[in-house]
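*Asks:* Input file: data08.pdb. Contents: PDB, C-alpha atoms, pLDDT in the B column.
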ATOM      1  CA  MET V 205      42.304 -58.878 113.363  1.00 46.00           C
ATOM      2  CA  ASP V 206      43.354 -61.939 115.282  1.00 52.00           C
ATOM      3  CA  ALA V 207      44.561 -61.392 118.851  1.00 51.00           C
ATOM      4  CA  GLY V 208      47.797 -63.239 118.032  1.00 56.00           C
ATOM      5  CA  TRP V 209      48.772 -60.950 115.158  1.00 56.00           C
ATOM      6  CA  GLU V 210      52.215 -59.470 115.699  1.00 62.00           C
ATOM      7  CA  PRO V 211      53.214 -56.531 113.466  1.00 63.00           C
ATOM      8  CA  GLY V 212      56.916 -57.152 114.153  1.00 72.00           C
ATOM      9  CA  ALA V 213      56.753 -60.681 112.763  1.00 69.00           C
ATOM     10  CA  VAL V 214      54.813 -59.533 109.700  1.00 75.00           C
ATOM     11  CA  GLY V 215      57.308 -56.753 109.012  1.00 80.00           C
ATOM     12  CA  ALA V 216      60.233 -59.135 109.417  1.00 79.00           C
ATOM     13  CA  SER V 217      58.601 -61.600 107.030  1.00 78.00           C
ATOM     14  CA  LEU V 218      57.997 -58.947 104.376  1.00 84.00           C
ATOM     15  CA  LEU V 219      61.541 -57.657 104.770  1.00 88.00           C
ATOM     16  CA  LEU V 220      62.936 -61.168 104.370  1.00 85.00           C
ATOM     17  CA  CYS V 221      60.823 -61.798 101.255  1.00 85.00           C
ATOM     18  CA  ALA V 222      61.900 -58.456  99.762  1.00 90.00           C
ATOM     19  CA  ALA V 223      65.555 -59.276 100.443  1.00 91.00           C
ATOM     20  CA  LEU V 224      65.135 -62.703  98.849  1.00 89.00           C
ATOM     21  CA  LEU V 225      63.437 -61.129  95.832  1.00 90.00           C
ATOM     22  CA  GLY V 226      66.291 -58.652  95.401  1.00 92.00           C
ATOM     23  CA  ALA V 227      68.936 -61.354  95.799  1.00 92.00           C
ATOM     24  CA  GLY V 228      67.111 -63.722  93.434  1.00 90.00           C
ATOM     25  CA  CYS V 229      66.700 -61.067  90.758  1.00 89.00           C
ATOM     26  CA  ALA V 230      70.325 -59.959  91.038  1.00 92.00           C
ATOM     27  CA  LEU V 231      71.569 -63.547  90.860  1.00 90.00           C
ATOM     28  CA  GLY V 232      69.281 -64.459  87.975  1.00 90.00           C
ATOM     29  CA  LEU V 233      70.169 -61.378  85.964  1.00 87.00           C
ATOM     30  CA  ARG V 234      73.886 -61.942  86.563  1.00 90.00           C
ATOM     31  CA  LEU V 235      73.699 -65.600  85.551  1.00 89.00           C
ATOM     32  CA  GLY V 236      71.541 -64.711  82.524  1.00 88.00           C
ATOM     33  CA  ARG V 237      73.908 -62.243  80.902  1.00 89.00           C
ATOM     34  CA  GLY V 238      73.944 -62.694  77.153  1.00 89.00           C
ATOM     35  CA  ARG V 239      70.458 -64.248  77.098  1.00 90.00           C
ATOM     36  CA  GLY V 240      67.158 -62.790  75.965  1.00 91.00           C
ATOM     37  CA  ALA V 241      64.911 -60.771  78.276  1.00 89.00           C
ATOM     38  CA  ALA V 242      62.442 -63.636  78.752  1.00 91.00           C
ATOM     39  CA  ASP V 243      65.252 -66.037  79.668  1.00 90.00           C
ATOM     40  CA  ARG V 244      66.739 -63.561  82.157  1.00 90.00           C
ATOM     41  CA  GLY V 245      63.314 -63.015  83.719  1.00 90.00           C
ATOM     42  CA  ALA V 246      62.665 -66.748  84.013  1.00 91.00           C
ATOM     43  CA  LEU V 247      66.118 -67.306  85.506  1.00 92.00           C
ATOM     44  CA  ALA V 248      65.576 -64.479  88.020  1.00 91.00           C
ATOM     45  CA  TRP V 249      62.263 -66.047  89.069  1.00 92.00           C
ATOM     46  CA  LEU V 250      63.838 -69.502  89.414  1.00 92.00           C
ATOM     47  CA  CYS V 251      66.669 -68.096  91.557  1.00 92.00           C
ATOM     48  CA  TYR V 252      64.150 -66.308  93.784  1.00 92.00           C
ATOM     49  CA  ASP V 253      62.061 -69.477  94.065  1.00 92.00           C
ATOM     50  CA  ALA V 254      65.105 -71.559  95.032  1.00 92.00           C
ATOM     51  CA  LEU V 255      66.122 -69.010  97.688  1.00 91.00           C
ATOM     52  CA  VAL V 256      62.609 -69.061  99.147  1.00 89.00           C
ATOM     53  CA  HIS V 257      62.638 -72.860  99.306  1.00 89.00           C
ATOM     54  CA  PHE V 258      65.987 -72.907 101.092  1.00 89.00           C
ATOM     55  CA  ALA V 259      65.481 -69.927 103.418  1.00 85.00           C
ATOM     56  CA  LEU V 260      61.810 -70.238 104.384  1.00 80.00           C
ATOM     57  CA  GLU V 261      60.675 -73.781 103.766  1.00 84.00           C
ATOM     58  CA  GLY V 262      63.938 -75.491 104.739  1.00 84.00           C
ATOM     59  CA  PRO V 263      63.892 -74.389 108.395  1.00 78.00           C
ATOM     60  CA  PHE V 264      60.200 -75.305 108.654  1.00 77.00           C
ATOM     61  CA  VAL V 265      60.894 -78.833 107.422  1.00 81.00           C
ATOM     62  CA  TYR V 266      63.906 -79.113 109.745  1.00 78.00           C
ATOM     63  CA  LEU V 267      61.845 -78.006 112.753  1.00 73.00           C
ATOM     64  CA  SER V 268      59.108 -80.432 111.761  1.00 76.00           C
ATOM     65  CA  LEU V 269      61.553 -83.336 111.688  1.00 79.00           C
ATOM     66  CA  VAL V 270      63.727 -82.711 114.762  1.00 76.00           C
ATOM     67  CA  GLY V 271      61.451 -80.768 117.088  1.00 68.00           C
ATOM     68  CA  ASN V 272      58.336 -78.729 117.016  1.00 65.00           C
ATOM     69  CA  ILE V 273      57.489 -75.169 116.235  1.00 61.00           C
ATOM     70  CA  ALA V 274      55.952 -74.525 119.650  1.00 65.00           C
ATOM     71  CA  ASP V 275      59.363 -75.014 121.321  1.00 66.00           C
ATOM     72  CA  SER V 276      61.303 -72.839 118.870  1.00 66.00           C
ATOM     73  CA  ASP V 277      61.803 -69.087 119.089  1.00 67.00           C
ATOM     74  CA  GLY V 278      63.030 -68.434 115.534  1.00 65.00           C
ATOM     75  CA  LEU V 279      61.443 -66.196 112.892  1.00 63.00           C
ATOM     76  CA  ILE V 280      59.657 -69.021 111.073  1.00 60.00           C
ATOM     77  CA  ALA V 281      58.234 -70.376 114.325  1.00 63.00           C
ATOM     78  CA  SER V 282      57.011 -66.937 115.400  1.00 64.00           C
ATOM     79  CA  LEU V 283      55.170 -66.551 112.087  1.00 60.00           C
ATOM     80  CA  CYS V 284      53.531 -69.959 112.409  1.00 59.00           C
ATOM     81  CA  ILE V 285      52.551 -69.534 116.048  1.00 53.00           C
ATOM     82  CA  SER V 286      51.178 -66.012 115.627  1.00 52.00           C
ATOM     83  CA  SER V 287      49.053 -66.988 112.629  1.00 50.00           C
ATOM     84  CA  ARG V 288      46.937 -69.549 114.479  1.00 50.00           C
ATOM     85  CA  LEU V 289      45.835 -69.417 118.070  1.00 53.00           C
ATOM     86  CA  PRO V 290      45.210 -71.734 119.805  1.00 56.00           C
ATOM     87  CA  CYS V 291      47.948 -73.987 118.495  1.00 57.00           C
ATOM     88  CA  ALA V 292      46.629 -76.820 116.358  1.00 57.00           C
ATOM     89  CA  CYS V 293      49.841 -78.760 115.799  1.00 59.00           C
ATOM     90  CA  VAL V 294      49.960 -82.493 116.458  1.00 59.00           C
ATOM     91  CA  ASN V 295      52.281 -82.149 119.462  1.00 58.00           C
ATOM     92  CA  CYS V 296      50.070 -79.598 121.210  1.00 60.00           C
ATOM     93  CA  MET V 297      46.880 -81.521 120.446  1.00 57.00           C
ATOM     94  CA  ALA V 298      48.376 -84.752 121.819  1.00 55.00           C
ATOM     95  CA  GLY V 299      49.534 -82.994 125.003  1.00 54.00           C
ATOM     96  CA  GLY V 300      46.041 -81.900 125.918  1.00 49.00           C
TER
END
Just give me the structure as structure tokens.

*Replies:*
Amino acid sequence: MDAGWEPGAVGASLLLCAALLGAGCALGLRLGRGRGAADRGALAWLCYDALVHFALEGPFVYLSLVGNIADSDGLIASLCISSRLPCACVNCMAGG
């Protein structure tokens, strides 16, 4: 495995995705009461997908616009930094 692989970050990521899946399914099934099984399943998937976009992709876009991942110490930044060493982001490449 890669030298930058961190089991803590991977575990935290899987835990976050599992929590989002549970929340998305619960929300979708609650909002889909009175609908057919296929509609409830589709609504649960759409709720999960929306939560993933807001919780995982939103902070990444924010960090990309106002700063850089190399300077952040949040969960999303730790996943991005540990997945690729050496850093290949534009800011690090421009700095030397």

*Asks:* Find the residues around Trp249 of chain V up to 9 Å (all atoms listed in the file counted), leave out those fewer than 2 positions away in its own chain, and share them as number ranges by chain.

*Replies:* V: 225, 228-229, 232, 244-247, 251-254

*Asks:* Hey, can you check how far atom CA of Leu219 of chain V sits from atom CA of Leu250 of chain V?

*Replies:*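 Straight-line distance from atom CA of Leu219 of chain V to atom CA of Leu250 of chain V works out to 19.5 Å.
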
*Asks:* So how far away is atom CA of Leu218 of chain V from atom CA of Leu231 of chain V, in Å?

*Replies:*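 Calculated distance between atom CA of Leu231 of chain V and atom CA of Leu218 of chain V is 19.7 Å.
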
*Asks:* One number please: atom CA of Ala227 of chain V to atom CA of Ala248 of chain V, in Å, one decimal.

*Replies:* 9.0 Å
